[in-house]
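J.: My questions all concern the structure below.
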Amino acid sequence: WNLIKTERCNMFELRPNKIKNKLAKGEITTVLMSPVAFSPDMVEFAGQLGFDGIWIETEHGAIDFSDIPNLTRAADLYGMTSIVRVNYNEQGLIYRTFDVGAQGVVVPHIDTKQDALNVVEGSKFAPLGKRGNFVSRQGIGVDNYFEKANLETLVVVLIEDIKAINNLDEILSVDNIDVFSVAPGDLAQSIGHLGNISHPDVQSTIDKAIDKIVNKNKIAGTLVTEDNVQKYVELGAKFLMTSFDPWLKNGAKTFLNRIKI
């Protein structure tokens with residue numbers, strides 16, 4: 001029995017992280033997100049659409065830790081990278097999110113080099129970091145899990161404050177961060193244009209930040225729409241997040257307009 005058990009355990013490999021692997025090849029990646037809470041059924045429905053990853057919102061959404069395992073399992077079924085945005089840059093919070101099944105984490109408000117180093121320490125096992133020694137749901141039955149997890153876990157930090165923009169060179173010096181994503185909403189607020197991400201000052205700040213990230217040979221990301229996605233592709237962003245909400249609203253409006261008398 002022990003021999004059979006050992007042989008069966010050795011059959012399991014860590015699930016590949018689609019987004020991490022595509023980024024390593026220099027390819028563009030896409031993430032579907034929504035301000036409302038996803039259910040496992042919605043994640044499965046999204047699986048047919050062709051996105052590389054699914055955004056699981058815990059900074060602002062009503063998702064608890066007990067919800068994450070089944071949400072990430074649904075993503076696993078379709079080979080989508082499950083990405084959880086946590087609500088705070090705290091190491092225990094970050095590695096607990098990985099432990100319950102996330103393949104990637106997004107950490108908000110990274111304003112300094114020390115903030116970025118803290119994210120890495122919470123995301124990576126030694127010698128790269130200080131992640132708590134525990135096998136995650138993704139690692140059940142996987143040999144050499146800790147080494148493989150360091151290679152496969154996706155780490156995304158959000159550049160979303162003017163302080164971060166001012167400290168961007170130092171933040172970009174931190175290794176083992178996969179994506180430096182410029183977040184327009186909070187950035188607009190921090191420079192005095194709350195709710196107005198289209199303001200020229202906001203757009204200029206975003207563009208310059210992405211240009212700097214790309215020129216430092218780091219991977220840039222941002223939130224995009226159908227109207228501006230080509231612009232950001234041309235700027236060199238490789239991690240593109242978008243929400244399905246505009247498609248739903250536009251589709252509903254078109255449908256209702258067609259039946260008006």
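Every chain in the structure tokens has a letter given in the order shown (A, B, ...), and although residue numbers restart at 1 in each chain, ligands are simply numbered from 1 in the order shown.
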Give me, as an MDAnalysis selection string, the residues of stretch 16-242 of chain A that a backbone DSSP run labels strand (DSSP E).
T.: chainID A and resid 29:33 53:57 81:85 104:107 154:159 179:182 220:223 239:242
J.: What lies within 9 Å of A:Asp41 using only C-alpha atoms, ignoring chain neighbours under 3 positions off, as a PyMOL selection string?
T.: chain A and resi 38+44-46+71+74
J.: Deliver the residues from the most recent selection as a file, using C-alpha atoms, as an mmCIF file, in the first residue's frame.
T.:
```cif
data_model
loop_
_atom_site.group_PDB
_atom_site.id
_atom_site.type_symbol
_atom_site.label_atom_id
_atom_site.label_comp_id
_atom_site.auth_asym_id
_atom_site.auth_seq_id
_atom_site.Cartn_x
_atom_site.Cartn_y
_atom_site.Cartn_z
ATOM 1 C CA PHE A 38 -17.930 35.906 -8.928
ATOM 2 C CA GLU A 44 -16.935 28.217 -15.237
ATOM 3 C CA PHE A 45 -19.091 30.234 -17.619
ATOM 4 C CA ALA A 46 -16.178 32.622 -18.161
ATOM 5 C CA LEU A 71 -13.588 29.763 -7.119
ATOM 6 C CA ALA A 74 -13.493 26.389 -11.204
#
```
J.: Would you pick out the contacts of A:Ala126 at 9 Å or less, using only C-alpha atoms, so that residues sharing its chain but fewer than 4 positions from it are not included, and give the list as a ChimeraX atom specification?
T.: /A:121,130-131,146-147,150
J.: I'd like the interatomic distance between atom CA of A:Ser198 and atom CA of A:Thr81, to a tenth of an Å.
T.: 29.6 Å
J.: Which neighbours of A:Thr112 fall inside 7 Å, counting only C-alpha atoms, when residues of the same chain fewer than 5 positions from it are skipped, and could you give them as a list of chain:residue names?
T.: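 These residues fall inside the cut-off: A:Ala164, A:Asn167, A:Ile171.
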J.: Hey, which of A:Ile219, A:Ala116, A:Leu187, A:Val31 ends up closest to A:Phe244? Count only C-alpha atoms.
T.: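 Once distances to A:Phe244 are computed over only C-alpha atoms, the minimum belongs to A:Val31.
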J.: Which residues are near A:Asp245? Cut-off 10 Å, only C-alpha atoms, ignore same chain within fewer than 4 positions. Put them as a ChimeraX atom specification.
T.: /A:33-36,249-251
J.: Between A:Lys124, A:Lys218, A:Arg85, A:Arg15, which one has atoms that come closest to A:Trp55, using only C-alpha atoms?
T.: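 Counting only C-alpha atoms, the residue closest to A:Trp55 is A:Arg85.
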J.: Might you pull out every residue within 9 Å of A:Asn118, with only C-alpha atoms counted and same-chain residues fewer than 5 positions away left off, and present them as a PDB file with N, CA, C and O atoms, in the first residue's frame?
T.:
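part.pdb, written as the output of this step:
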```
ATOM      1  N   ASN A  89      -1.461  44.789   2.338  1.00  0.00           N
ATOM      2  CA  ASN A  89      -0.107  44.273   2.142  1.00  0.00           C
ATOM      3  C   ASN A  89       0.419  43.682   3.443  1.00  0.00           C
ATOM      4  O   ASN A  89       1.254  44.269   4.121  1.00  0.00           O
ATOM      5  N   GLU A  90      -0.101  42.507   3.766  1.00  0.00           N
ATOM      6  CA  GLU A  90       0.289  41.807   4.990  1.00  0.00           C
ATOM      7  C   GLU A  90       0.717  40.388   4.622  1.00  0.00           C
ATOM      8  O   GLU A  90      -0.023  39.683   3.930  1.00  0.00           O
ATOM      9  N   GLN A  91       1.900  39.990   5.043  1.00  0.00           N
ATOM     10  CA  GLN A  91       2.459  38.733   4.566  1.00  0.00           C
ATOM     11  C   GLN A  91       1.564  37.532   4.847  1.00  0.00           C
ATOM     12  O   GLN A  91       1.364  36.674   3.980  1.00  0.00           O
ATOM     13  N   LYS A 113       9.641  50.985  -2.046  1.00  0.00           N
ATOM     14  CA  LYS A 113      10.438  49.770  -2.241  1.00  0.00           C
ATOM     15  C   LYS A 113      10.187  48.778  -1.124  1.00  0.00           C
ATOM     16  O   LYS A 113      10.074  47.569  -1.360  1.00  0.00           O
ATOM     17  N   SER A 123       5.039  36.225  -0.522  1.00  0.00           N
ATOM     18  CA  SER A 123       4.608  35.415  -1.665  1.00  0.00           C
ATOM     19  C   SER A 123       5.524  34.238  -1.944  1.00  0.00           C
ATOM     20  O   SER A 123       5.094  33.251  -2.554  1.00  0.00           O
ATOM     21  N   GLY A 129      11.915  34.426  -0.182  1.00  0.00           N
ATOM     22  CA  GLY A 129      11.046  35.161   0.715  1.00  0.00           C
ATOM     23  C   GLY A 129      10.878  34.461   2.045  1.00  0.00           C
ATOM     24  O   GLY A 129      11.704  33.626   2.435  1.00  0.00           O
TER      25      GLY A 129
END
```
J.: Write out as an NGL selection string each polymer residue whose atoms come within 7 Å of A:Pro184, counting only C-alpha atoms; drop sequence neighbours fewer than 3 positions from it.
T.: :A and (160 or 187-188 or 197)
J.: Given the choices A:Gln189, A:Pro40, A:Gly122, A:Pro69, which gets closest to A:Asp201 if the distance is worked out from only C-alpha atoms?
T.: A:Gln189
J.: From a DSSP pass on the backbone, collect the residues of stretch 155-234 of chain A flagged as helix (DSSP H, G or I) and hand them back as a ChimeraX atom specification.
T.: /A:162-166,168-172,184-190,200-215,229-234
J.: Quote the spacing between atom CA of A:Asp64 and atom CA of A:Gln103 in Å to one decimal place.
T.: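 We find that atom CA of A:Asp64 and atom CA of A:Gln103 lie 16.5 Å from each other.
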J.: Looking at A:Arg137, A:Lys25, A:Lys148, A:Lys20, which one is nearest to A:Gly104, with distances taken over only C-alpha atoms?
T.: A:Lys20
J.: Identify which of the residues A:Gly53, A:Val179, A:Thr97, A:Val155 lies closest to A:Leu77, counting only C-alpha atoms when measuring atom-to-atom distances.
T.: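 Between A:Gly53, A:Val179, A:Thr97, A:Val155, the residue approaching A:Leu77 most closely is A:Gly53.
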J.: Which residue gives the smallest distance to A:Gln114 among A:Glu170, A:Asp161, A:Glu226, A:Glu57, with only C-alpha atoms counted?
T.: A:Glu170
